[in-house]
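Worksheet: the structure to be examined is printed underneath.
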There are 2 protein chains.
Amino acid sequence: MAASGEELSDLKVENGAKHSGVEDEPETIAIMDAVKVLLQGLGEDINREGIRKTPLRVAKALREGTRGYGQTAKDIIESALFPEAGLHNGLGQAGGAGGIVIVRDLDFFSYCESCLLPFQVKCHVGYVPSGQQVVGLSKLSRVSDVYAKRLQKPQRLADQICSALQHGINPGGVAVVLHCLHIHFPSLESVFLDSKSSGWVKVQVQSGLGAFENQDADAWMDFFSLLKFRGIDLSKAGAPDSNSQLWCPSHFPSASKFSTKIESLNPRMTTAATSILRSLGEDPSREELLGTPGHFVNWLMNFQNCNVEMKMDMMKLNGFANGRTHFEHNENGNLSEKKIQSEMNFSFWSQCEHHLLPFYGVVHIGFLRADGVTHLEKSLLNSVIHFYGFKLQVQERMTRQIAETVSSLLGADIVVVVEASHTCMISRGIEKFGCTTATIAALGQFSSDAAARAMFLQSIPKTTIGEL
Amino acid sequence: MAASGEELSDLKVENGAKHSGVEDEPETIAIMDAVKVLLQGLGEDINREGIRKTPLRVAKALREGTRGYGQTAKDIIESALFPEAGLHNGLGQAGGAGGIVIVRDLDFFSYCESCLLPFQVKCHVGYVPSGQQVVGLSKLSRVSDVYAKRLQKPQRLADQICSALQHGINPGGVAVVLHCLHIHFPSLESVFLDSKSSGWVKVQVQSGLGAFENQDADAWMDFFSLLKFRGIDLSKAGAPDSNSQLWCPSHFPSASKFSTKIESLNPRMTTAATSILRSLGEDPSREELLGTPGHFVNWLMNFQNCNVEMKMDMMKLNGFANGRTHFEHNENGNLSEKKIQSEMNFSFWSQCEHHLLPFYGVVHIGFLRADGVTHLEKSLLNSVIHFYGFKLQVQERMTRQIAETVSSLLGADIVVVVEASHTCMISRGIEKFGCTTATIAALGQFSSDAAARAMFLQSIPKTTIGEL
């Protein structure tokens with residue numbers, strides 16, 4: 001029981017999928033095999049303790065995250081239509097008291113069909129009851145989830161939710177507004193050469209049918225007013241966002257500038273990624289999926305195992321020597337002048353080795369020195385953080401590695417705090433949106449002196465991780 | 001398939017519970033029978049369309065919401081302990097780099113053992129790794145959920161999570177901080193006589209073992225600093241909250257002042273509530289549960305069917321006649337002076353008839369008049385809202401009923417917006433924390449004039465529903 005505890009507790013089964021034996025199903029085994037190929041392509045030992053069960057974790061997460069392929073919105077809706085005698089038969093708004101019903105701020109995640117990474121969705125969905133019936137509110141969420149749990153792009157997701165609700169409820173109209181957030185693709189090179197490449201890609205898309213079919217309809221004005229969007233031009237509120245079609249950063253020029261050409265990628269890895277698409281029930285020859293295996297492998301290759309040491313060498317050549325001279329100068333200075341210094345909010349990106357999913361956030365560093373760091377030192381700290389970020393990692397280890405390396409640069413008294421959001425916490429079974437993880441590593445005086453540690457910790461800015 | 005679609009899609013099965021046939025299990029059937037008794041005690045026709053499937057919905061929600069009784073934290077943890085060679089064997093903080101690991105802002109709900117209503121939990125959990133191993137981050141969430149999914153009070157919940165993690169991970173220490181929010185018990189009488197009785201009961205509890213056993217430990221200071229609690233007295237941070245033991249509003253003097261004496265409650269209903277406790281696997285003779293059936297029935301009785309008309313009559317006697325005279329005076333005034341007036345943020349409480357769970361929020365009313373409302377009229381609007389709130393309801397119907405009744409008070413041109421949080425959206429399968437529902441009913445000019453409607457809608461305050 002102990003060995004299979006995680007498997008059982010990880011599992012949520014919906015709409016008749018079998019509970020036991022998911023790990024024995026051929027689709028799961030095929031994905032596991034593909035993930036092993038990908039891990040080996042990253043230079044990992046697939047029997048290493050931390051990643052031994054990663055293929056199973058990834059396979060189950062992907063199948064659970066795309067379970068919408070096996071679900072039908074129609075059944076969900078039909079079981080929860082309730083008569084409401086007071087509603088008029090015509091359009092609610094025009095016909096009388098029965099106006100729009102909106103559920104706001106539903107959190108979902110979906111998988112990007114262009115790169116196979118999860119993206120986050122804040123969903124607002126509404127309809128105008130007619131035909132003397134309303135639908136159970138939770139069904140608006142459940143139906144949205146059916147389409148979110150597929151490989152998607154934002155506009156199609158909005159259109160499919162809208163269409164399913166319109167045909168299932170047959171109301172006066174349906175409106176769907178999605179705010180989608182896609183992780184950027186900061187490769188090891190791009191974070192140094194192009195600081196703008198970090199952050200998020202955001203799009204807003206909407207879809208309307210019935211009373212919302214016309215983008216200028218009064219119904220849209222009501223909808224956006226009830227979403228409390230203020231200060232926007234409501235006359236353009238229903239207009240499509242031209243960026244939404246090619247929103248995935250894998251399509252951006254900056255991505256191609258820094259990433260490996262598809263043809264020079266390891267063909268075993270792209271074949272493995274293609275097999276994953278097929279195992280999820282998708283057709284890898286569908287036009288939107290043609291580039292997906294290459295994009296996914298390109299993303300993964302940022303985290304290949306050999307990179308860190310190699311790039312550390314490069315870093316040493318570039319600036320380490322200069323920095324070192326400077327540090328020695330400082331260390332020979334007056335010890336009594338040392339006080340707690342801090343450098344806050346270095347952003348980082350990494351890849352969770354348990355789930356092959358990104359985690360990202362900020363690093364704060366505290367140290368004892370007479371002065372703050374120089375521009376060069378700050379850039380070195382940034383390098384250290386990225387070099388430990390761009391590999392398969394766990395946050396606890398990364399925190400300790402950064403602390404140990406930084407102590408060789410800034411002296412023995414070091415405290416490092418990492419605050420991160422883990423994609424695996426939202427895109428797997430527990431789906432805990434909004435939770436964050438903090439880790440701390442304290443060396444030297446910061447390890448023994450609680451007051452010094454507290455002084456540093458209390459100075460960390462309150463809001464740091466960003467939009468998610 | 002259509003008939004059972006909701007049942008299947010509602011279901012999440014964890015840790016080996018059977019997927020099919022939950023509705024046929026004797027515990028489910030016993031709860032359904034008890035819920036039918038409760039509905040009849042409220043004066044409802046259990047064959048009415050809206051509540052026909054309520055017994056099944058309630059039974060499944062309660063069983064799913066207490067599934068933690070059948071789960072073991074140990075299995076969850078053991079499958080996800082990972083070696084981290086860099087960690088020292090001793091206490092992380094003192095021994096070197098391996099400091100505290102915290103997951104912040106995990107959202108849960110739990111069921112209050114004193115009244116059987118769900119309460120909301122924001123959970124912060126941390127541990128100090130030792131023995132060269134770390135636990136998968138998601139397991140901190142999963143283990144917390146095992147204990148949240150039982151009948152609970154805040155301090156025991158914190159203690160159980162803490163103890164399970166300490167024994168499962170065997171780390172340097174475990175700390176758990178919970179912020180719990182319990183719905184208040186505004187009865188129909190209390191909302192008029194004691195305006196302070198609305199709102200929320202909030203407590204913060206904490207539990208610590210190992211390095212956190214001592215409430216003054218430095219480890220607590222680190223923990224609270226990383227939670228970014230600012231401006232609190234950290235020396236008292238670990239001290240227990242004296243209010244946490246009797247936090248459920250069913251224990252408050254104000255509750256007993258307004259609620260029916262236990263001995264005068266319908267004994268069939270209290271027996272039914274007792275049978276629910278037993279079907280969930282609890283012992284109804286456990287000391288903390290002795291009063292629970294009475295508290296639950298007392299809460300339910302606020303929403304009994306006969307109340308509304310009876311109380312409406314009372315209201316008419318008290319103030320309606322005076323109000324009417326005043327309105328007629330206004331209606332005879334200069335029509336051209338009429339402009340859009342609004343009364344915002346009337347708070348309300350109601351009970352979802354689909355799930356027998358509270359929903360609550362605010363009502364905004366717009367109307368065309370030369371002047372705003374008088375104090376008496378405002379109090380009448382408040383009464384109308386409460387009278388439609390205190391029954392088994394759906395938000396769509398309540399919105400329409402308020403609009404129609406208010407139009408007989410303030411004239412034909414009425415718009416009503418209801419913004420609400422539905423407990424059923426967080427405490428059932430979809431667990432969508434933070435989502436809210438908005439409904440609108442527009443009569444007269446507000447129905448046909450989109451610009452008038454927009455002017456009112458845009459004036460609704462941005463944040464209105466309150467803490468949740």
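Ordered as shown in the structure tokens, chains take letters A, B, and onward, while each chain numbers its residues from 1 and ligands are numbered from 1 in the order shown.
Excluding region 282-292 of chain A and any residue on its chain fewer than 3 positions from it, the residues at most 8 Å away by only C-alpha atoms are A:Glu113, A:Ser114, A:Cys115, A:Leu116, A:Thr274, A:Leu277, A:Arg278, A:Ser279, A:His295, A:Phe296.
Residues within 6 Å of region 379-395 of chain A, counting only C-alpha atoms and excluding same-chain residues fewer than 4 positions away, are Phe303, Gln304, Asn305, Val308, Trp349, Ser350, Gln351, Cys352 and Glu353 of chain A.
The space separating CA of Trp200 (chain A) from CA of Met425 (chain A) comes to 18.1 Å.
Non-sequential neighbours of Val363 (chain B) (distance at most 8 Å, separation of 3 or more positions within a chain, only C-alpha atoms) are Met344, Asn345, Phe346, Ser347, Phe348, Ile385, Val416, Val417, Val418 and Glu419 of chain B.
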For the selection you just gave me, I'd like the residues written to a file as a PDB file, in the first residue's frame, keeping C-alpha atoms.
```
ATOM      1  CA  MET B 344     -25.796  49.785  -2.909  1.00  0.00           C
ATOM      2  CA  ASN B 345     -24.414  47.001  -0.753  1.00  0.00           C
ATOM      3  CA  PHE B 346     -27.348  45.594   1.158  1.00  0.00           C
ATOM      4  CA  SER B 347     -25.898  42.415   2.584  1.00  0.00           C
ATOM      5  CA  PHE B 348     -27.954  39.248   2.480  1.00  0.00           C
ATOM      6  CA  ILE B 385     -34.071  41.443   0.673  1.00  0.00           C
ATOM      7  CA  VAL B 416     -31.428  44.800  -9.151  1.00  0.00           C
ATOM      8  CA  VAL B 417     -27.969  43.245  -9.113  1.00  0.00           C
ATOM      9  CA  VAL B 418     -27.065  40.447  -6.720  1.00  0.00           C
ATOM     10  CA  GLU B 419     -23.419  39.504  -6.187  1.00  0.00           C
TER      11      GLU B 419
END
```
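Candidate residues A:Met455, A:Ile365, A:Val143, A:Leu181 were compared for distance to Asp413 (chain A), and the nearest is A:Ile365, using only C-alpha atoms.
Put simply, CA of Lys122 (chain A) is 25.3 Å away from CA of Leu227 (chain B).
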Which polymer residues have any atom within 12 Å of an atom of Val58 (chain A), counting only C-alpha atoms, with same-chain residues fewer than 6 positions away left out, as a compact mmCIF listing (two decimals) with C-alpha atoms, in the first residue's frame?
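Below is the file around.txt, written as the result:
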```txt
# COMPACT_ATOMS: atom_id res chain seq x y z
CA GLU A 7 -0.61 6.88 -7.20
CA ASP A 10 -3.08 11.47 -7.00
CA GLU A 23 -0.78 3.17 -14.65
CA THR A 28 0.14 5.68 -19.73
CA ILE A 29 2.94 3.24 -20.45
CA ALA A 30 3.59 4.85 -23.84
CA ILE A 31 3.87 8.29 -22.23
CA MET A 32 6.17 6.90 -19.53
CA ASP A 33 8.43 5.43 -22.19
CA ALA A 34 8.48 8.75 -24.03
CA VAL A 35 9.34 10.67 -20.85
CA LYS A 36 12.25 8.31 -20.21
CA LEU A 38 13.24 12.85 -22.93
CA LEU A 39 15.02 12.54 -19.57
CA ILE A 51 13.38 11.32 -11.07
CA ARG A 52 12.82 7.56 -10.89
CA GLU A 64 -5.53 13.79 -16.02
CA GLY A 65 -4.86 17.23 -17.50
CA LEU A 116 2.60 21.27 -24.29
CA LEU A 117 3.14 23.51 -21.23
CA ILE A 276 2.94 11.71 -26.15
CA CYS A 352 10.71 20.71 -11.30
CA GLU A 353 12.42 17.36 -11.66
CA HIS A 354 9.49 15.51 -10.09
CA HIS A 355 6.98 16.62 -12.70
CA LEU A 356 8.95 18.17 -15.61
CA LEU A 357 7.01 21.38 -15.08
CA CYS A 424 2.81 21.33 -10.67
CA SER A 427 -1.82 21.63 -13.07
CA ARG A 428 -1.93 18.37 -11.18
CA GLY A 429 -4.55 16.79 -8.97
```
- Note on the structure: Shortest contact to chain A, candidates B:Thr374, B:Ser79, B:Gln166, B:Thr271, atoms counted only C-alpha atoms, goes to B:Ser79
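Take CA of Gly434 (chain A) and CA of Asp105 (chain B): the distance between them is 6.7 Å.
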- Query: So, counting only C-alpha atoms, which residue among A:Ser447, A:Asn170, A:Ser110, A:Ser250 is closest to chain B?
  - Reply: A:Ser447
